[in-house]
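K.L.:
Sharing data-v5.cif below, mmCIF, C-alpha atoms:
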data_structure
loop_
_atom_site.label_atom_id
_atom_site.label_comp_id
_atom_site.auth_asym_id
_atom_site.auth_seq_id
_atom_site.Cartn_x
_atom_site.Cartn_y
_atom_site.Cartn_z
CA MET F 227 69.76 35.63 -31.85
CA LEU F 228 68.65 36.90 -35.27
CA ASP F 229 70.28 40.27 -34.55
CA VAL F 230 73.47 38.65 -33.22
CA THR F 231 73.94 36.32 -36.17
CA TYR F 232 73.25 39.13 -38.64
CA HIS F 233 75.98 41.36 -37.20
CA LEU F 234 78.32 38.37 -36.89
CA PHE F 235 77.76 37.64 -40.58
CA ILE F 236 78.60 41.25 -41.52
CA CYS F 237 81.85 41.14 -39.52
CA LEU F 238 82.88 37.79 -40.99
CA ALA F 239 82.00 38.98 -44.50
CA ILE F 240 84.31 41.99 -44.10
CA PHE F 241 87.14 39.79 -42.84
CA ALA F 242 86.54 37.42 -45.76
CA VAL F 243 86.70 40.24 -48.33
CA GLY F 244 90.04 41.28 -46.86
CA ASP F 245 91.42 37.74 -47.15
CA ILE F 246 90.14 37.29 -50.70
CA LEU F 247 91.72 40.52 -51.91
CA ALA F 248 94.99 39.74 -50.10
CA VAL F 249 95.28 36.33 -51.78
CA ALA F 250 94.21 37.73 -55.16
CA THR F 251 96.89 40.45 -54.98
CA LYS F 252 99.52 38.16 -53.40
CA ALA F 253 99.48 40.27 -50.19
CA ARG F 254 100.23 43.51 -52.03
CA LEU F 255 96.88 44.61 -50.67
CA SER F 256 96.80 43.62 -47.01
CA SER F 257 93.73 41.85 -45.69
CA VAL F 258 94.17 43.65 -42.37
CA PHE F 259 94.25 47.03 -44.13
CA VAL F 260 91.23 46.21 -46.30
CA ALA F 261 89.17 45.05 -43.35
CA LEU F 262 90.09 48.06 -41.24
CA MET F 263 89.24 50.43 -44.10
CA LEU F 264 85.88 48.77 -44.68
CA PHE F 265 85.00 49.05 -40.99
CA LEU F 266 86.15 52.68 -40.85
CA VAL F 267 84.14 53.67 -43.93
CA GLY F 268 81.15 51.80 -42.51
CA PHE F 269 81.42 53.62 -39.18
CA LEU F 270 81.88 57.07 -40.73
CA SER F 271 79.03 56.58 -43.21
CA GLY F 272 76.67 55.21 -40.59
CA TYR F 273 76.09 51.96 -42.46
CA LEU F 274 77.74 50.00 -39.65
CA PRO F 275 76.79 50.52 -36.00
CA LEU F 276 79.74 51.63 -33.87
CA ASP F 277 79.12 48.70 -31.51
CA ILE F 278 78.89 46.04 -34.23
CA ILE F 279 81.59 43.92 -32.55
CA GLU F 280 79.58 43.96 -29.34
CA LYS F 281 76.34 43.25 -31.21
CA ALA F 282 78.04 40.24 -32.81
CA ARG F 283 79.20 39.12 -29.32
CA LEU F 284 82.78 39.05 -30.61
CA ASN F 285 83.98 41.38 -27.87
CA GLN F 286 83.49 38.63 -25.31
CA LEU F 287 85.44 36.13 -27.37
CA ALA F 288 88.20 38.67 -28.03
CA THR F 289 88.76 39.30 -24.32
CA TRP F 290 90.29 35.86 -23.79
CA ALA F 291 91.34 34.85 -27.31
CA SER F 292 94.48 36.99 -27.26
CA VAL F 293 96.24 35.05 -24.50
CA PHE F 294 95.35 31.78 -26.27
CA ILE F 295 96.96 33.01 -29.48
CA VAL F 296 100.08 34.29 -27.71
CA TYR F 297 100.56 30.92 -25.97
CA HIS F 298 99.95 29.18 -29.30
CA MET F 299 102.64 31.40 -30.84
CA GLY F 300 105.03 30.34 -28.11
CA THR F 301 104.53 26.68 -29.04
CA THR F 302 105.65 27.49 -32.59
CA ILE F 303 109.03 28.89 -31.45
CA ASN F 304 111.51 26.71 -29.61
CA MET F 305 113.73 28.25 -26.94
CA SER F 306 116.81 28.43 -29.12
CA GLU F 307 114.84 30.42 -31.69
CA LEU F 308 113.44 32.66 -28.96
CA ILE F 309 116.96 33.41 -27.73
CA GLN F 310 118.04 34.09 -31.29
CA GLU F 311 115.35 36.76 -31.55
CA TRP F 312 117.34 39.08 -29.26
CA LYS F 313 118.44 40.82 -32.42
CA THR F 314 114.81 41.50 -33.25
CA VAL F 315 114.34 43.14 -29.85
CA VAL F 316 117.42 45.31 -30.36
CA MET F 317 116.29 46.28 -33.86
CA SER F 318 112.80 47.05 -32.55
CA CYS F 319 114.27 49.33 -29.87
CA LEU F 320 116.36 51.10 -32.49
CA ALA F 321 113.25 51.61 -34.65
CA MET F 322 111.40 53.09 -31.68
CA LEU F 323 114.26 55.51 -31.04
CA VAL F 324 114.15 56.51 -34.71
CA ALA F 325 110.42 57.21 -34.39
CA VAL F 326 110.98 59.27 -31.23
CA ALA F 327 113.70 61.36 -32.90
CA SER F 328 111.64 61.79 -36.08
CA VAL F 329 108.62 63.19 -34.21
CA PHE F 330 110.80 65.50 -32.11
CA VAL F 331 112.24 66.92 -35.33
CA VAL F 332 108.79 68.13 -36.45
CA ILE F 333 107.92 69.87 -33.16
CA PRO F 334 108.11 73.29 -34.89
CA LEU F 335 105.33 72.11 -37.23
CA ILE F 336 102.95 70.39 -34.80
CA GLY F 337 103.84 71.77 -31.38
CA LYS F 338 105.58 70.34 -28.31
CA GLU F 339 102.50 68.89 -26.61
CA ALA F 340 101.26 67.20 -29.79
CA ALA F 341 104.68 65.62 -30.32
CA ILE F 342 105.01 64.39 -26.73
CA VAL F 343 101.54 62.84 -26.78
CA SER F 344 102.07 61.22 -30.19
CA ILE F 345 105.44 59.55 -29.58
CA PRO F 346 104.43 56.76 -27.14
CA ILE F 347 101.26 56.13 -29.15
CA VAL F 348 103.25 55.70 -32.37
CA ASN F 349 105.52 53.36 -30.40
CA GLY F 350 102.69 51.46 -28.73
CA GLY F 351 99.06 50.55 -28.30
CA ILE F 352 96.02 51.12 -26.17
CA ILE F 353 97.78 51.34 -22.79
CA ALA F 354 100.26 53.97 -23.99
CA THR F 355 97.34 55.78 -25.61
CA GLN F 356 95.35 55.82 -22.39
CA ILE F 357 98.33 57.16 -20.42
CA MET F 358 99.03 59.99 -22.84
CA VAL F 359 95.44 60.97 -23.67
CA GLU F 360 94.43 61.05 -20.00
CA GLY F 361 97.58 63.00 -19.13
CA ALA F 362 97.00 65.56 -21.88
CA THR F 363 93.33 65.94 -20.97
CA GLN F 364 94.09 66.49 -17.28
CA LYS F 365 96.60 69.22 -18.17
CA GLY F 366 94.24 70.98 -20.55
CA PHE F 367 95.77 69.99 -23.88
CA ALA F 368 92.53 68.92 -25.54
CA LEU F 369 93.84 69.18 -29.11
CA ALA F 370 96.88 67.09 -28.31
CA ALA F 371 94.65 64.49 -26.63
CA ALA F 372 92.45 64.34 -29.75
CA LEU F 373 95.54 63.93 -31.92
CA GLY F 374 96.63 61.02 -29.73
CA MET F 375 93.32 59.24 -30.27
CA ILE F 376 93.51 59.71 -34.05
CA VAL F 377 97.14 58.56 -34.19
CA TYR F 378 96.16 55.42 -32.31
CA ALA F 379 93.11 54.79 -34.46
CA ILE F 380 94.92 55.02 -37.80
CA GLN F 381 98.44 53.83 -36.95
CA LYS F 382 97.63 50.36 -38.26
CA PHE F 383 96.57 51.86 -41.59
CA VAL F 384 100.02 53.46 -41.82
CA GLY F 385 102.02 50.45 -40.64
CA THR F 386 100.20 47.67 -42.47
CA PRO F 387 101.12 48.48 -46.12
CA PRO F 388 104.91 48.75 -45.47
CA ALA F 389 104.88 45.67 -43.23
CA SER F 390 103.03 43.68 -45.88
CA PHE F 391 105.04 45.07 -48.83
CA PHE F 392 108.50 44.50 -47.37
CA GLY F 393 107.41 41.20 -45.83
CA LEU F 394 106.32 40.03 -49.26
CA LYS F 395 109.65 41.10 -50.77
CA GLU F 396 111.42 39.09 -48.08
CA ALA F 397 109.13 36.12 -48.74
CA GLU F 398 110.09 36.19 -52.42
CA LEU F 399 113.76 35.97 -51.48
CA ILE F 400 113.05 33.14 -49.05
CA LEU F 401 111.10 31.22 -51.71
CA ALA F 402 113.82 31.71 -54.32
CA ASP F 403 116.37 30.20 -51.95
CA TYR F 404 114.00 27.45 -50.80
CA ARG F 405 113.09 26.42 -54.35
CA LYS F 406 116.71 26.42 -55.43
CA LYS F 407 117.68 24.13 -52.54
CA LYS F 408 114.66 21.93 -53.19
CA ALA F 409 115.68 21.53 -56.83
CA GLU F 410 119.19 20.62 -55.69
CA GLY F 411 117.80 18.20 -53.09
CA THR F 412 119.30 20.15 -50.19
CA ALA F 413 116.16 21.89 -48.86
CA VAL F 414 115.31 21.25 -45.21
CA SER F 415 111.94 21.44 -43.55
CA ALA F 416 110.98 24.29 -41.28
CA ASP F 417 110.99 21.94 -38.32
CA LYS F 418 114.63 20.87 -38.42
CA GLY F 419 117.97 22.03 -39.70
CA PRO F 420 120.50 20.16 -41.84
CA GLY F 421 121.53 16.89 -40.27
CA GLU F 422 119.09 17.25 -37.35
CA GLN F 423 116.68 14.54 -36.40
CA LYS F 424 113.30 15.74 -35.27
CA LYS F 425 112.96 15.06 -31.55
CA LYS F 426 110.11 12.90 -30.45
CA THR F 427 107.88 14.68 -28.02
CA ILE F 428 106.77 13.18 -24.73
CA TYR F 429 103.19 12.83 -25.91
CA GLU F 430 104.47 11.01 -29.02
CA SER F 431 106.91 8.70 -27.24
CA LEU F 432 104.27 7.75 -24.65
CA ASN F 433 101.65 7.40 -27.36
CA LEU F 434 99.62 10.20 -25.82
CA ASP F 435 99.02 12.00 -29.10
CA LYS F 436 95.52 10.58 -29.38
CA TYR F 437 94.60 12.25 -26.09
CA TYR F 438 95.44 15.70 -27.45
CA THR F 439 91.96 16.15 -28.87
CA ASN F 440 90.42 19.51 -29.76
CA PHE F 441 89.11 20.01 -26.23
CA THR F 442 92.35 18.83 -24.62
CA CYS F 443 94.38 21.32 -26.65
CA LEU F 444 91.98 24.10 -25.69
CA GLY F 445 92.02 23.00 -22.07
CA VAL F 446 95.83 22.98 -21.91
CA THR F 447 95.97 26.38 -23.60
CA GLY F 448 93.31 27.71 -21.22
CA PHE F 449 95.35 26.58 -18.21
CA PHE F 450 98.50 28.33 -19.40
CA GLY F 451 96.44 31.40 -20.30
CA TRP F 452 95.17 31.54 -16.72
CA LEU F 453 98.70 30.96 -15.41
CA SER F 454 99.96 33.87 -17.54
CA PHE F 455 97.47 36.27 -15.95
CA TRP F 456 98.29 34.90 -12.48
CA LEU F 457 101.99 35.54 -13.09
CA GLN F 458 101.17 39.04 -14.33
CA ALA F 459 99.37 39.75 -11.07
CA LYS F 460 102.32 38.48 -9.05
CA THR F 461 105.14 40.08 -11.05
CA ALA F 462 103.61 43.07 -12.93
CA VAL F 463 105.12 41.61 -16.14
CA ASN F 464 102.52 41.67 -18.91
CA TYR F 465 100.59 38.42 -19.44
CA SER F 466 101.56 38.26 -23.12
CA ILE F 467 105.25 37.95 -22.22
CA TRP F 468 104.47 35.11 -19.82
CA ALA F 469 102.20 33.36 -22.33
CA LEU F 470 104.85 33.53 -25.04
CA LEU F 471 107.54 32.20 -22.70
CA LEU F 472 105.31 29.44 -21.31
CA GLY F 473 104.41 28.34 -24.81
CA ALA F 474 108.05 28.23 -25.84
CA VAL F 475 109.16 26.39 -22.69
CA THR F 476 106.42 23.75 -22.72
CA SER F 477 106.97 23.13 -26.41
CA GLN F 478 110.75 22.94 -26.00
CA LEU F 479 110.34 20.45 -23.15
CA HIS F 480 108.08 18.40 -25.45
CA ILE F 481 105.21 18.55 -22.99
CA VAL F 482 102.68 19.88 -25.49
CA PRO F 483 102.41 19.62 -29.26
CA GLY F 484 103.77 22.44 -31.37
CA LYS F 485 101.16 24.76 -32.93
CA ILE F 486 98.74 23.59 -30.30
CA LEU F 487 95.72 25.55 -31.53
CA GLU F 488 96.17 24.29 -35.08
CA LYS F 489 96.15 20.77 -33.69
CA GLY F 490 93.06 21.74 -31.69
CA ARG F 491 91.50 23.17 -34.88
CA ALA F 492 90.78 26.45 -33.13
CA ALA F 493 93.45 28.77 -34.56
CA GLY F 494 91.24 30.21 -37.30
CA LEU F 495 88.37 31.14 -35.00
CA LEU F 496 90.63 32.70 -32.38
CA ASN F 497 92.64 34.59 -35.02
CA MET F 498 89.38 36.16 -36.13
CA ALA F 499 88.48 37.00 -32.53
CA VAL F 500 91.72 38.83 -31.75
CA PHE F 501 91.34 40.76 -35.01
CA ALA F 502 87.81 41.74 -33.99
CA GLY F 503 89.17 43.02 -30.70
CA ILE F 504 91.01 45.91 -32.38
CA ILE F 505 88.02 47.10 -34.44
CA PRO F 506 86.11 49.14 -31.79
CA ALA F 507 88.87 51.79 -31.67
CA LEU F 508 87.90 52.83 -35.19
CA GLY F 509 84.47 53.86 -33.97
CA LYS F 510 86.03 56.75 -32.01
CA ILE F 511 86.93 58.64 -35.20
CA ASP F 512 84.54 61.11 -36.79
CA VAL F 513 84.79 63.28 -39.89
CA GLU F 514 85.31 66.50 -37.94
CA ASP F 515 88.30 65.07 -36.07
CA LEU F 516 89.87 63.89 -39.30
CA SER F 517 89.46 67.25 -41.03
CA THR F 518 90.74 69.24 -38.05
CA LEU F 519 93.80 67.14 -37.23
CA ALA F 520 94.65 65.67 -40.65
CA VAL F 521 97.69 67.89 -41.18
CA GLN F 522 99.25 67.09 -37.80
CA THR F 523 98.61 63.39 -38.25
CA ALA F 524 100.13 63.38 -41.74
CA ILE F 525 103.24 65.17 -40.49
CA VAL F 526 103.73 62.75 -37.59
CA PHE F 527 103.50 59.62 -39.71
CA ALA F 528 105.44 61.08 -42.64
CA ALA F 529 108.30 61.91 -40.27
CA VAL F 530 108.24 58.43 -38.73
CA LEU F 531 108.14 56.59 -42.07
CA VAL F 532 110.88 58.70 -43.64
CA GLY F 533 113.07 58.30 -40.57
CA ILE F 534 112.59 54.55 -40.47
CA PHE F 535 113.21 54.12 -44.21
CA VAL F 536 116.42 56.15 -44.08
CA ILE F 537 117.83 54.53 -40.94
CA MET F 538 116.56 50.97 -41.33
CA TYR F 539 116.67 50.50 -45.12
CA ILE F 540 119.15 52.92 -46.68
CA LEU F 541 121.80 53.10 -43.96
CA PRO F 542 123.68 49.88 -43.11
CA THR F 543 121.94 49.36 -39.74
CA TRP F 544 119.85 46.64 -41.45
CA LYS F 545 122.95 44.43 -41.56
CA PHE F 546 122.45 43.74 -37.84
CA ILE F 547 119.36 41.69 -38.68
CA GLY F 548 120.62 40.54 -42.09
CA SER F 549 117.84 41.91 -44.30
CA ARG F 550 116.67 45.36 -45.39
CA ASN F 551 113.13 44.10 -45.86
CA LEU F 552 112.94 42.41 -42.48
CA ALA F 553 114.44 45.46 -40.77
CA VAL F 554 111.60 47.66 -42.07
CA GLY F 555 109.04 44.97 -41.20
CA ILE F 556 110.36 44.83 -37.63
CA ALA F 557 110.24 48.63 -37.42
CA MET F 558 106.56 48.56 -38.39
CA GLY F 559 105.85 46.34 -35.37
CA GLN F 560 105.58 49.43 -33.15
CA LEU F 561 102.77 50.78 -35.32
CA LEU F 562 100.95 47.45 -35.47
CA GLY F 563 101.53 45.48 -32.31
CA PHE F 564 100.16 42.01 -31.66
CA PRO F 565 97.93 40.54 -33.12
CA ALA F 566 98.26 42.59 -36.30
CA THR F 567 101.90 41.50 -36.81
CA TYR F 568 100.85 37.88 -36.43
CA LEU F 569 98.00 38.28 -38.91
CA ILE F 570 100.16 40.04 -41.49
CA ALA F 571 102.92 37.42 -41.28
CA ASN F 572 100.29 34.72 -41.82
CA GLU F 573 98.74 36.43 -44.81
CA ILE F 574 102.15 36.99 -46.44
CA ALA F 575 102.97 33.30 -46.14
CA THR F 576 99.54 32.23 -47.37
CA ALA F 577 99.57 34.55 -50.37
CA ALA F 578 103.17 33.93 -51.48
CA ALA F 579 103.53 30.18 -50.91
CA GLN F 580 102.36 27.47 -53.30
CA ASP F 581 102.49 24.60 -50.82
CA GLU F 582 102.83 23.94 -47.10
CA GLY F 583 106.61 23.53 -47.28
CA GLU F 584 107.02 26.97 -48.79
CA ARG F 585 104.60 28.46 -46.29
CA GLU F 586 106.57 26.99 -43.39
CA ALA F 587 109.84 28.30 -44.82
CA ILE F 588 108.41 31.82 -44.98
CA LEU F 589 106.85 31.66 -41.52
CA LYS F 590 110.05 30.39 -39.94
CA ARG F 591 111.87 33.52 -41.08
CA ILE F 592 109.18 36.18 -40.85
CA MET F 593 106.79 35.13 -38.08
CA PRO F 594 109.17 35.23 -35.06
CA ALA F 595 110.58 38.60 -36.09
CA TYR F 596 107.17 40.19 -36.71
CA VAL F 597 105.54 38.82 -33.56
CA VAL F 598 108.46 39.53 -31.22
CA SER F 599 108.83 43.07 -32.57
CA GLY F 600 105.14 43.75 -31.94
CA LEU F 601 105.23 42.30 -28.44
CA ALA F 602 108.50 43.98 -27.46
CA SER F 603 107.53 47.46 -28.61
CA VAL F 604 103.80 47.73 -27.97
CA THR F 605 103.45 45.45 -24.96
CA THR F 606 106.37 46.64 -22.85
CA ILE F 607 108.74 49.36 -24.05
CA SER F 608 106.07 51.82 -25.21
CA ILE F 609 104.48 51.79 -21.75
CA VAL F 610 107.81 52.76 -20.18
CA ILE F 611 108.21 55.59 -22.71
CA ALA F 612 104.66 56.79 -22.05
CA GLY F 613 105.23 56.79 -18.30
CA PHE F 614 108.28 59.00 -18.79
CA LEU F 615 106.93 61.42 -21.42
CA VAL F 616 103.57 62.05 -19.74
CA GLU F 617 105.50 63.81 -16.98
CA LEU F 618 106.92 66.24 -19.54
CA LEU F 619 103.50 67.59 -20.54
#
Give the structure from this file in structure tokens form.
P.N.:
Amino acid sequence: MLDVTYHLFICLAIFAVGDILAVATKARLSSVFVALMLFLVGFLSGYLPLDIIEKARLNQLATWASVFIVYHMGTTINMSELIQEWKTVVMSCLAMLVAVASVFVVIPLIGKEAAIVSIPIVNGGIIATQIMVEGATQKGFALAAALGMIVYAIQKFVGTPPASFFGLKEAELILADYRKKKAEGTAVSADKGPGEQKKKTIYESLNLDKYYTNFTCLGVTGFFGWLSFWLQAKTAVNYSIWALLLGAVTSQLHIVPGKILEKGRAAGLLNMAVFAGIIPALGKIDVEDLSTLAVQTAIVFAAVLVGIFVIMYILPTWKFIGSRNLAVGIAMGQLLGFPATYLIANEIATAAAQDEGEREAILKRIMPAYVVSGLASVTTISIVIAGFLVELL
């Protein structure tokens, strides 16, 4: 246990440094980015073992924490809000198309195979990466396969700063409006709109709130996590989609408390676990890979970022979502995926807000857009794109 607790301490210390710097810089320096950089430098220098997450036993916690967090997220969004997020899905799809077109444009610079392998990985996560890397390897495109692994490993480094920067700019606008309305006495809480009365939940009206203890909240979440995987097995629809929908439905029907893991006082621990789950991918990078493929990687991401900035920020397409800043933040969801989008939205609200009311106002605007964009792009659409493009190799 001495070895386990030592490595756990190192991991938690790195996460803590990221949080401290994010709060100190008001999210201009992302905690996710800082933590990922510290782990990467540690891996490359040899100061951190490549299997530190496993040595800390966090890999086991991370395997089931994700579905808990997704269900928890569902309980924070009522069904009307979920339906309203259809614009986020459309904007996310547009951003993915922009990324696809941007990478195709630079084919003369990086090669056809490298571009085809990179596109679904830029759009998605580990499943898209596995499809494309395995496909490229089987067809003898070793360099393209290596590029795919590097693109996957560093895409969060590329997506995190813009997502954090533009999210913070949006948070400043939200706070300016919130504080103005508060001074005028017209501000409304994040839980209800003007003139709305907060609905009493079933567990409140039946005086069952006292039964929703820490273990009860975890037990309920565990049940719906299991149900999400069962539905995935029966329908082939990813568990995260089911967990999000189940959370939204049960919360909307007032069966469970909103923000169920916060009520169960487990959100912080499980947030850390899902973050830990994305760290092992960094251990697959070495200095030789970076030096050999640096130019191709830089071209791919430069093309994607320029394309997204032009289409989503400069051109009037942002009007569809109502905010230039939020449009770019949504576009970054394909580079980040869940849980990184969730973590970044949280850190923006924590760093920018001065009290809980302000934090809720920021989260109500930013959190659904960031999380839905990450789930829509990485969890589902990118896999479809990968399945199509791998046949073109």
K.L.:
Starting from the shown file, work through the PyMOL selection byres ((chain F and resi 269) around 12) and note down what comes out as number ranges by chain.
P.N.:
F: 262-268, 270-279, 505-513
K.L.:
Please tabulate, as a tab-separated table, the residues of segment 489-533 of chain F that come within 12 Å of segment 432-453 of chain F, each with its closest pair of atoms and the distance in Å to one decimal, counting all atoms listed in the file and ordering rows by chain, then residue number upward.
P.N.:
residue	atom	partner	partner_atom	distance
F:Lys489	CA	F:Asn440	CA	7.1
F:Gly490	CA	F:Asn440	CA	4.0
F:Arg491	CA	F:Asn440	CA	6.4
F:Ala492	CA	F:Asn440	CA	7.7
F:Ala493	CA	F:Leu444	CA	10.1
F:Leu496	CA	F:Leu444	CA	11.0
K.L.:
Of the candidates F:Leu401, F:Ile467, F:Ala379, F:Val329, which shows the shortest atom-to-atom distance to Ser454 of chain F, using all atoms listed in the file?
P.N.:
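Going through F:Leu401, F:Ile467, F:Ala379, F:Val329 one by one, the smallest distance to Ser454 of chain F is for F:Ile467.
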K.L.:
Take atom CA of Val296 of chain F and atom CA of Gly374 of chain F and report the distance between them in Å, one decimal.
P.N.:
27.0 Å
K.L.:
Between F:Val597, F:Val384, F:Leu487, F:Leu323, single out the one closest to Glu311 of chain F, counting all atoms listed in the file.
P.N.:
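Under the stated criterion, the closest residue is F:Val597.
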K.L.:
Select, from F:Val604, F:Met538, F:Ala397, F:Leu479, the residue with the minimum atom-to-atom distance to Glu586 of chain F, counting only C-alpha atoms.
P.N.:
F:Ala397
K.L.:
Could you tell me, as a list in words, exactly which residues end up selected when the PyMOL selection byres ((chain F and resi 457-466) around 8) is applied to this structure?
P.N.:
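Residues picked by the PyMOL selection byres ((chain F and resi 457-466) around 8): Val293, Val296, Tyr297, Leu453, Ser454, Phe455, Trp456, Ile467, Trp468, Ala469, Leu470, Leu601, Thr605 and Thr606 of chain F.
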K.L.:
Restricting the calculation to all atoms listed in the file, which member of F:Tyr404, F:Tyr232, F:Phe527, F:Trp312 is positioned closest to Gln381 of chain F?
P.N.:
F:Phe527
K.L.:
Would you work out the distance separating atom CA of Ala354 of chain F from atom CA of Ile547 of chain F, expressed in Å to one decimal?
P.N.:
27.0 Å
K.L.:
Quick one: which residues end up in the PyMOL selection byres ((chain F and resi 243) around 12) for this structure, as a PyMOL selection string?
P.N.:
chain F and resi 236-242+244-250+255-265
K.L.:
Identify which of the residues F:Ala371, F:Met558, F:Met498, F:Leu619 lies closest to Pro387 of chain F, counting all atoms listed in the file when measuring atom-to-atom distances.
P.N.:
F:Met558
K.L.:
When you get a chance, write out N, CA and C atoms for segment 550-561 of chain F, as a PDB file, keeping the file's coordinate frame.
P.N.:
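So the final result, stored in rebuild14.pdb, reads:
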ATOM      1  N   ARG F 550     117.318  44.048 -45.331  1.00  0.00           N
ATOM      2  CA  ARG F 550     116.670  45.360 -45.390  1.00  0.00           C
ATOM      3  C   ARG F 550     115.156  45.227 -45.200  1.00  0.00           C
ATOM      4  N   ASN F 551     114.579  44.269 -45.913  1.00  0.00           N
ATOM      5  CA  ASN F 551     113.130  44.100 -45.860  1.00  0.00           C
ATOM      6  C   ASN F 551     112.652  43.747 -44.462  1.00  0.00           C
ATOM      7  N   LEU F 552     113.342  42.834 -43.823  1.00  0.00           N
ATOM      8  CA  LEU F 552     112.940  42.410 -42.480  1.00  0.00           C
ATOM      9  C   LEU F 552     113.153  43.530 -41.472  1.00  0.00           C
ATOM     10  N   ALA F 553     114.188  44.337 -41.666  1.00  0.00           N
ATOM     11  CA  ALA F 553     114.440  45.460 -40.770  1.00  0.00           C
ATOM     12  C   ALA F 553     113.264  46.438 -40.784  1.00  0.00           C
ATOM     13  N   VAL F 554     112.756  46.752 -41.972  1.00  0.00           N
ATOM     14  CA  VAL F 554     111.600  47.660 -42.070  1.00  0.00           C
ATOM     15  C   VAL F 554     110.363  46.985 -41.480  1.00  0.00           C
ATOM     16  N   GLY F 555     110.181  45.690 -41.754  1.00  0.00           N
ATOM     17  CA  GLY F 555     109.040  44.970 -41.200  1.00  0.00           C
ATOM     18  C   GLY F 555     109.047  44.983 -39.679  1.00  0.00           C
ATOM     19  N   ILE F 556     110.221  44.779 -39.085  1.00  0.00           N
ATOM     20  CA  ILE F 556     110.360  44.830 -37.630  1.00  0.00           C
ATOM     21  C   ILE F 556     110.031  46.229 -37.118  1.00  0.00           C
ATOM     22  N   ALA F 557     110.499  47.247 -37.825  1.00  0.00           N
ATOM     23  CA  ALA F 557     110.240  48.630 -37.420  1.00  0.00           C
ATOM     24  C   ALA F 557     108.747  48.945 -37.414  1.00  0.00           C
ATOM     25  N   MET F 558     108.003  48.316 -38.323  1.00  0.00           N
ATOM     26  CA  MET F 558     106.560  48.560 -38.390  1.00  0.00           C
ATOM     27  C   MET F 558     105.819  47.913 -37.220  1.00  0.00           C
ATOM     28  N   GLY F 559     106.483  47.010 -36.499  1.00  0.00           N
ATOM     29  CA  GLY F 559     105.850  46.340 -35.370  1.00  0.00           C
ATOM     30  C   GLY F 559     105.328  47.314 -34.329  1.00  0.00           C
ATOM     31  N   GLN F 560     106.020  48.450 -34.146  1.00  0.00           N
ATOM     32  CA  GLN F 560     105.580  49.430 -33.150  1.00  0.00           C
ATOM     33  C   GLN F 560     104.280  50.111 -33.558  1.00  0.00           C
ATOM     34  N   LEU F 561     104.020  50.197 -34.847  1.00  0.00           N
ATOM     35  CA  LEU F 561     102.770  50.780 -35.320  1.00  0.00           C
ATOM     36  C   LEU F 561     101.626  49.767 -35.280  1.00  0.00           C
TER      37      LEU F 561
END
